[in-house]
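Raw start-v1.cif, mmCIF, C-alpha atoms and all ligand atoms:
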```cif
data_entry
loop_
_atom_site.group_PDB
_atom_site.id
_atom_site.type_symbol
_atom_site.label_atom_id
_atom_site.label_comp_id
_atom_site.auth_asym_id
_atom_site.auth_seq_id
_atom_site.Cartn_x
_atom_site.Cartn_y
_atom_site.Cartn_z
ATOM 1 C CA MET A 209 -3.794 -2.512 -11.813
ATOM 2 C CA PRO A 210 -1.490 -0.005 -13.513
ATOM 3 C CA PRO A 211 -1.090 -0.335 -17.275
ATOM 4 C CA PRO A 212 2.450 -0.575 -18.592
ATOM 5 C CA LEU A 213 3.913 2.901 -18.029
ATOM 6 C CA VAL A 214 6.372 4.313 -20.544
ATOM 7 C CA THR A 215 9.002 6.945 -19.775
ATOM 8 C CA GLU A 216 11.821 8.343 -21.860
ATOM 9 C CA ARG A 217 14.147 5.373 -21.155
ATOM 10 C CA LEU A 218 12.022 2.837 -19.283
ATOM 11 C CA ARG A 219 9.006 0.554 -19.484
ATOM 12 C CA LEU A 220 7.250 -0.286 -16.224
ATOM 13 C CA LEU A 221 5.353 -3.555 -16.514
ATOM 14 C CA PRO A 222 2.734 -5.174 -14.290
ATOM 15 C CA TYR A 223 3.532 -8.736 -13.152
ATOM 16 C CA SER A 224 0.694 -10.036 -15.316
ATOM 17 C CA VAL A 225 2.792 -9.475 -18.457
ATOM 18 C CA VAL A 226 6.249 -10.211 -17.057
ATOM 19 C CA THR A 227 8.059 -13.314 -18.336
ATOM 20 C CA ASP A 228 9.874 -15.892 -16.255
ATOM 21 C CA ALA A 229 13.173 -14.731 -17.771
ATOM 22 C CA GLN A 230 12.410 -11.179 -16.631
ATOM 23 C CA LEU A 231 11.811 -12.429 -13.088
ATOM 24 C CA ASP A 232 15.205 -14.146 -13.230
ATOM 25 C CA GLY A 233 16.640 -10.780 -14.324
ATOM 26 C CA LEU A 234 15.201 -9.229 -11.201
ATOM 27 C CA VAL A 235 16.882 -11.866 -9.044
ATOM 28 C CA THR A 236 20.220 -11.178 -10.741
ATOM 29 C CA ALA A 237 19.835 -7.448 -10.091
ATOM 30 C CA TRP A 238 18.967 -7.997 -6.426
ATOM 31 C CA ASP A 239 21.425 -10.731 -5.446
ATOM 32 C CA ASP A 240 23.745 -8.190 -3.850
ATOM 33 C CA PRO A 241 23.956 -7.090 -0.179
ATOM 34 C CA GLU A 242 24.413 -3.450 -1.271
ATOM 35 C CA VAL A 243 20.912 -3.426 -2.751
ATOM 36 C CA TRP A 244 19.495 -4.425 0.664
ATOM 37 C CA ARG A 245 21.731 -2.224 2.811
ATOM 38 C CA TYR A 246 18.944 0.190 3.723
ATOM 39 C CA VAL A 247 16.010 -2.193 3.293
ATOM 40 C CA GLY A 248 14.796 -3.456 6.673
ATOM 41 C CA ALA A 249 17.767 -4.938 8.503
ATOM 42 C CA GLY A 250 19.507 -5.779 5.212
ATOM 43 C CA ARG A 251 20.217 -9.175 3.682
ATOM 44 C CA ASP A 252 23.239 -10.980 2.227
ATOM 45 C CA SER A 253 21.776 -12.584 -0.873
ATOM 46 C CA PHE A 254 18.629 -12.986 -2.928
ATOM 47 C CA SER A 255 17.512 -16.084 -4.840
ATOM 48 C CA ARG A 256 14.654 -17.076 -7.139
ATOM 49 C CA ALA A 257 13.121 -18.923 -4.154
ATOM 50 C CA ASP A 258 13.244 -15.636 -2.174
ATOM 51 C CA LEU A 259 11.465 -13.843 -5.029
ATOM 52 C CA ASP A 260 8.784 -16.531 -5.320
ATOM 53 C CA ARG A 261 8.209 -16.406 -1.548
ATOM 54 C CA ALA A 262 8.017 -12.575 -1.564
ATOM 55 C CA MET A 263 5.544 -12.657 -4.472
ATOM 56 C CA ARG A 264 3.346 -15.193 -2.683
ATOM 57 C CA ARG A 265 3.423 -13.117 0.506
ATOM 58 C CA ALA A 266 2.670 -9.865 -1.341
ATOM 59 C CA GLY A 267 -0.411 -11.463 -2.909
ATOM 60 C CA GLU A 268 -2.732 -8.858 -4.329
ATOM 61 C CA HIS A 269 -0.428 -6.024 -3.232
ATOM 62 C CA LEU A 270 1.772 -6.990 -6.191
ATOM 63 C CA ARG A 271 -0.770 -5.424 -8.510
ATOM 64 C CA ASP A 272 0.702 -1.977 -7.852
ATOM 65 C CA GLU A 273 4.348 -2.985 -8.116
ATOM 66 C CA LEU A 274 5.858 -2.676 -11.576
ATOM 67 C CA ILE A 275 8.929 -4.341 -13.029
ATOM 68 C CA VAL A 276 11.209 -1.714 -14.534
ATOM 69 C CA VAL A 277 12.781 -2.619 -17.871
ATOM 70 C CA ARG A 278 15.320 -0.495 -19.723
ATOM 71 C CA THR A 279 13.889 0.147 -23.170
ATOM 72 C CA GLY A 280 17.219 0.263 -25.015
ATOM 73 C CA ASP A 281 18.306 -3.307 -24.244
ATOM 74 C CA GLY A 282 15.337 -4.923 -22.475
ATOM 75 C CA VAL A 283 17.350 -5.463 -19.277
ATOM 76 C CA VAL A 284 15.323 -5.681 -16.051
ATOM 77 C CA ILE A 285 16.732 -3.073 -13.694
ATOM 78 C CA GLY A 286 14.386 -3.357 -10.695
ATOM 79 C CA VAL A 287 10.933 -2.472 -9.455
ATOM 80 C CA CYS A 288 8.966 0.631 -8.585
ATOM 81 C CA GLY A 289 5.432 0.936 -7.304
ATOM 82 C CA LEU A 290 2.913 1.559 -4.576
ATOM 83 C CA TYR A 291 2.840 -0.531 -1.407
ATOM 84 C CA PRO A 292 0.815 -0.700 1.808
ATOM 85 C CA ALA A 293 2.884 1.394 4.249
ATOM 86 C CA ARG A 294 4.040 -0.309 7.442
ATOM 87 C CA LEU A 295 5.217 1.051 10.739
ATOM 88 C CA ASP A 296 7.228 -1.478 12.763
ATOM 89 C CA GLY A 297 5.694 -4.224 10.633
ATOM 90 C CA VAL A 298 2.079 -3.092 11.054
ATOM 91 C CA GLU A 299 0.129 -1.690 8.083
ATOM 92 C CA THR A 300 -0.848 1.948 8.635
ATOM 93 C CA GLY A 301 -3.454 2.271 5.872
ATOM 94 C CA GLU A 302 -1.237 4.715 3.978
ATOM 95 C CA ILE A 303 0.223 4.178 0.503
ATOM 96 C CA GLU A 304 3.991 4.040 0.185
ATOM 97 C CA LEU A 305 5.952 4.944 -2.928
ATOM 98 C CA GLY A 306 8.897 2.549 -3.262
ATOM 99 C CA TYR A 307 11.638 1.340 -5.619
ATOM 100 C CA ARG A 308 14.595 -1.029 -5.703
ATOM 101 C CA PHE A 309 17.128 -1.303 -8.518
ATOM 102 C CA GLY A 310 20.246 -3.367 -9.142
ATOM 103 C CA ARG A 311 23.481 -1.599 -8.265
ATOM 104 C CA ALA A 312 24.682 -1.557 -11.888
ATOM 105 C CA PHE A 313 21.815 0.825 -12.677
ATOM 106 C CA TRP A 314 22.189 3.347 -9.861
ATOM 107 C CA GLY A 315 23.149 6.975 -10.337
ATOM 108 C CA GLN A 316 21.758 7.322 -13.858
ATOM 109 C CA GLY A 317 18.470 8.972 -12.995
ATOM 110 C CA TYR A 318 16.404 5.794 -13.441
ATOM 111 C CA GLY A 319 15.100 5.920 -9.855
ATOM 112 C CA ALA A 320 13.811 9.465 -10.258
ATOM 113 C CA GLU A 321 12.386 8.681 -13.722
ATOM 114 C CA ALA A 322 10.480 5.591 -12.559
ATOM 115 C CA ALA A 323 9.259 7.101 -9.277
ATOM 116 C CA SER A 324 7.887 10.217 -10.934
ATOM 117 C CA ALA A 325 6.041 8.099 -13.545
ATOM 118 C CA VAL A 326 4.439 5.937 -10.844
ATOM 119 C CA MET A 327 3.493 8.971 -8.776
ATOM 120 C CA ARG A 328 1.994 10.706 -11.826
ATOM 121 C CA TRP A 329 -0.056 7.587 -12.579
ATOM 122 C CA ALA A 330 -1.199 7.313 -8.956
ATOM 123 C CA VAL A 331 -2.262 10.944 -8.708
ATOM 124 C CA GLN A 332 -3.672 11.510 -12.187
ATOM 125 C CA GLU A 333 -5.244 8.118 -12.874
ATOM 126 C CA GLN A 334 -6.035 6.777 -9.414
ATOM 127 C CA GLY A 335 -6.904 9.987 -7.585
ATOM 128 C CA VAL A 336 -4.314 9.351 -4.865
ATOM 129 C CA THR A 337 -3.999 12.473 -2.687
ATOM 130 C CA SER A 338 -1.356 11.415 -0.176
ATOM 131 C CA LEU A 339 1.697 9.189 -0.182
ATOM 132 C CA VAL A 340 4.391 8.272 2.288
ATOM 133 C CA SER A 341 7.916 6.923 1.999
ATOM 134 C CA ASN A 342 9.900 5.512 4.897
ATOM 135 C CA ILE A 343 13.614 5.850 4.216
ATOM 136 C CA GLN A 344 16.637 4.990 6.347
ATOM 137 C CA GLU A 345 18.563 8.170 7.066
ATOM 138 C CA PRO A 346 21.825 7.387 5.212
ATOM 139 C CA ASN A 347 19.968 6.429 1.998
ATOM 140 C CA ILE A 348 20.642 9.781 0.347
ATOM 141 C CA ALA A 349 19.700 8.817 -3.231
ATOM 142 C CA SER A 350 16.289 7.586 -2.097
ATOM 143 C CA ARG A 351 15.734 10.702 0.005
ATOM 144 C CA LYS A 352 16.582 12.935 -2.954
ATOM 145 C CA ILE A 353 14.060 11.134 -5.146
ATOM 146 C CA VAL A 354 11.123 11.803 -2.824
ATOM 147 C CA GLU A 355 12.278 15.314 -1.906
ATOM 148 C CA ARG A 356 12.261 16.208 -5.617
ATOM 149 C CA LEU A 357 8.702 14.873 -5.803
ATOM 150 C CA GLY A 358 7.604 17.213 -3.010
ATOM 151 C CA PHE A 359 7.703 14.864 -0.010
ATOM 152 C CA ALA A 360 8.714 16.321 3.369
ATOM 153 C CA VAL A 361 9.982 14.616 6.527
ATOM 154 C CA ARG A 362 7.252 14.330 9.122
ATOM 155 C CA GLU A 363 9.035 12.118 11.649
ATOM 156 C CA LYS A 364 12.458 10.719 12.431
ATOM 157 C CA ARG A 365 12.579 7.564 14.543
ATOM 158 C CA PRO A 366 14.742 4.590 15.436
ATOM 159 C CA MET A 367 13.493 1.409 13.771
ATOM 160 C CA ALA A 368 11.976 -1.231 16.065
ATOM 161 C CA LEU A 369 13.789 -4.046 14.262
ATOM 162 C CA ASP A 370 17.162 -2.382 14.874
ATOM 163 C CA PRO A 371 17.192 0.829 16.934
ATOM 164 C CA ALA A 372 20.669 1.659 15.571
ATOM 165 C CA ARG A 373 18.934 2.316 12.250
ATOM 166 C CA VAL A 374 17.126 5.638 12.002
ATOM 167 C CA GLU A 375 14.165 5.971 9.653
ATOM 168 C CA LEU A 376 12.845 9.193 8.146
ATOM 169 C CA ARG A 377 9.112 9.068 7.547
ATOM 170 C CA TYR A 378 8.406 11.221 4.491
ATOM 171 C CA ALA A 379 4.911 12.278 3.435
ATOM 172 C CA TRP A 380 3.372 13.998 0.426
ATOM 173 C CA GLN A 381 -0.051 15.590 0.369
ATOM 174 C CA ALA A 382 -1.806 16.878 -2.753
ATOM 175 C CA PRO A 383 -2.328 20.638 -2.674
ATOM 176 C CA ALA A 384 -5.870 21.549 -1.636
ATOM 177 C CA SER A 385 -7.935 22.253 -4.754
ATOM 178 C CA GLY A 386 -10.214 25.224 -5.211
HETATM 179 C C1 LIG B 401 17.487 4.365 -4.000
HETATM 180 C C2 LIG B 401 17.666 4.056 -5.474
HETATM 181 C C3 LIG B 401 16.352 3.545 -6.054
HETATM 182 C C4 LIG B 401 18.084 5.326 -6.207
HETATM 183 O O1 LIG B 401 18.009 5.069 -7.600
HETATM 184 P P1 LIG B 401 18.966 5.802 -8.627
HETATM 185 O O2 LIG B 401 18.512 5.418 -9.977
HETATM 186 O O3 LIG B 401 20.382 5.528 -8.271
HETATM 187 O O4 LIG B 401 18.626 7.322 -8.324
HETATM 188 P P2 LIG B 401 18.843 8.544 -9.326
HETATM 189 O O5 LIG B 401 19.996 8.254 -10.234
HETATM 190 O O6 LIG B 401 17.527 8.864 -9.933
HETATM 191 O O7 LIG B 401 19.291 9.697 -8.322
HETATM 192 C C5 LIG B 401 18.392 10.354 -7.477
HETATM 193 C C6 LIG B 401 19.149 11.488 -6.772
HETATM 194 O O8 LIG B 401 20.088 10.934 -5.855
HETATM 195 C C7 LIG B 401 21.408 11.334 -6.207
HETATM 196 N N1 LIG B 401 22.266 10.186 -5.942
HETATM 197 C C8 LIG B 401 22.311 9.030 -6.636
HETATM 198 N N2 LIG B 401 23.164 8.192 -6.026
HETATM 199 C C9 LIG B 401 23.665 8.845 -4.962
HETATM 200 C C10 LIG B 401 24.597 8.515 -3.930
HETATM 201 N N3 LIG B 401 25.200 7.312 -3.900
HETATM 202 N N4 LIG B 401 24.871 9.424 -2.977
HETATM 203 C C11 LIG B 401 24.264 10.623 -2.994
HETATM 204 N N5 LIG B 401 23.353 11.009 -3.924
HETATM 205 C C12 LIG B 401 23.072 10.120 -4.900
HETATM 206 C C13 LIG B 401 21.347 11.729 -7.659
HETATM 207 O O9 LIG B 401 22.352 12.651 -7.992
HETATM 208 C C14 LIG B 401 19.969 12.355 -7.716
HETATM 209 O O10 LIG B 401 20.042 13.628 -7.113
HETATM 210 P P3 LIG B 401 19.319 14.912 -7.717
HETATM 211 O O11 LIG B 401 17.838 14.713 -7.422
HETATM 212 O O12 LIG B 401 19.915 16.025 -6.942
HETATM 213 O O13 LIG B 401 19.613 14.906 -9.174
HETATM 214 C C15 LIG B 401 18.752 2.984 -5.698
HETATM 215 O O14 LIG B 401 19.929 3.426 -5.095
HETATM 216 C C16 LIG B 401 18.391 1.632 -5.111
HETATM 217 O O15 LIG B 401 17.685 0.852 -5.741
HETATM 218 N N6 LIG B 401 18.900 1.322 -3.903
HETATM 219 C C17 LIG B 401 18.667 0.013 -3.272
HETATM 220 C C18 LIG B 401 17.257 -0.190 -2.778
HETATM 221 C C19 LIG B 401 16.769 0.955 -1.922
HETATM 222 O O16 LIG B 401 17.498 1.451 -1.067
HETATM 223 N N7 LIG B 401 15.520 1.347 -2.163
HETATM 224 C C20 LIG B 401 14.910 2.425 -1.439
HETATM 225 C C21 LIG B 401 14.490 2.029 -0.062
HETATM 226 S S1 LIG B 401 13.754 3.418 0.776
#
```
So that I can check it, write out the structure of this file as structure tokens.
Ligand SMILES: CC(C)(COP(=O)(O)OP(=O)(O)OC[C@H]1O[C@@H](n2cnc3c(N)ncnc32)[C@H](O)[C@@H]1OP(=O)(O)O)[C@@H](O)C(=O)NCCC(=O)NCCS
Amino acid sequence: MPPPLVTERLRLLPYSVVTDAQLDGLVTAWDDPEVWRYVGAGRDSFSRADLDRAMRRAGEHLRDELIVVRTGDGVVIGVCGLYPARLDGVETGEIELGYRFGRAFWGQGYGAEAASAVMRWAVQEQGVTSLVSNIQEPNIASRKIVERLGFAVREKRPMALDPARVELRYAWQAPASG
């Protein structure tokens, strides 16, 4: 399990230390169709029951997802972490870098700040040598985050759940040592 990670403006907390009020903050941030626009086939709303169900389903995978809190005011802005990668719903055995923030917090560099902290932890503390990120093509902010971190597109494909949606499959590989 990752320890709390600290960046210039953020604290990234494991679920084991997150309060109920912070989970409610996450629901508030995510109860917005715009947040889900490029996540799967999208969704119209998000409730505390949805969060509880997602947490139950994620089970032990939640250990590598961190709740992102803004240090200045303690507001929960979203999550960032490592996930089992899936292709058309089936786990591929790869590790995916992912993040999801409330719309009020977009465009302020928080996504890049959180993602680089999680990737640094994964590589330096966990010995991770490859990561993937599957991103729907129009999700430019998300694409920029992983491109800055050195990911490159390895495949472009229509999504099985909705072939009108095109997914870019990004991958990062640690440079060979020695
Ligand atoms: C994707 C997401 C995490 C980006 O977070 P963010 O905090 O807004 O991103 P940042 O402010 O760090 O910006 C990252 C880059 O995207 C750019 N950017 C931000 N918003 C943008 C937009 N709407 N259009 C184009 N570029 C944008 C920034 O300028 C920055 O570019 P740079 O690397 O050239 O400086 C956020 O939009 C989000 O949570 N979206 C909903 C959930 C989601 O789509 N998750 C990802 C699924 S793959």
Please identify all protein, DNA and RNA residues within 8 Å of ligand LIG 401 (chain B), counting all atoms listed in the file, and report them as a count of residues only. 35
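Counting only C-alpha atoms, the residue from A:Leu305, A:Ala323, A:Met367, A:Ala312 that sits nearest to Thr236 of chain A is A:Ala312.
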Matched chain/residue IDs from the PyMOL selection byres (((chain A and resi 295) around 12) and not hetatm), as number ranges by chain: A: 248, 292-294, 296-304, 340-343, 363, 365-369, 375-377
List as JSON, numbers by chain the residues having at least one atom at most 12 Å from position (1.3, 1.9, -13.0) as given in the file, counting only C-alpha atoms. {"A": [209, 210, 211, 212, 213, 214, 215, 219, 220, 221, 222, 223, 270, 271, 272, 273, 274, 275, 276, 287, 288, 289, 290, 291, 305, 322, 323, 324, 325, 326, 327, 328, 329, 330, 331, 332, 333, 334]}
Residues picked by the PyMOL selection byres (((chain A and resi 239) around 8) and not hetatm) here, as a count of residues only? 11
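Comparing the minimum interatomic distances between Ser385 of chain A and each of A:Val284, A:Thr337, A:Arg265, A:Val225, counting all atoms listed in the file, we find that A:Thr337 sits nearest.
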Selection dump of the PyMOL selection byres (((chain A and resi 279) around 8) and not hetatm), as a PyMOL selection string: chain A and resi 217-219+277-278+280-283
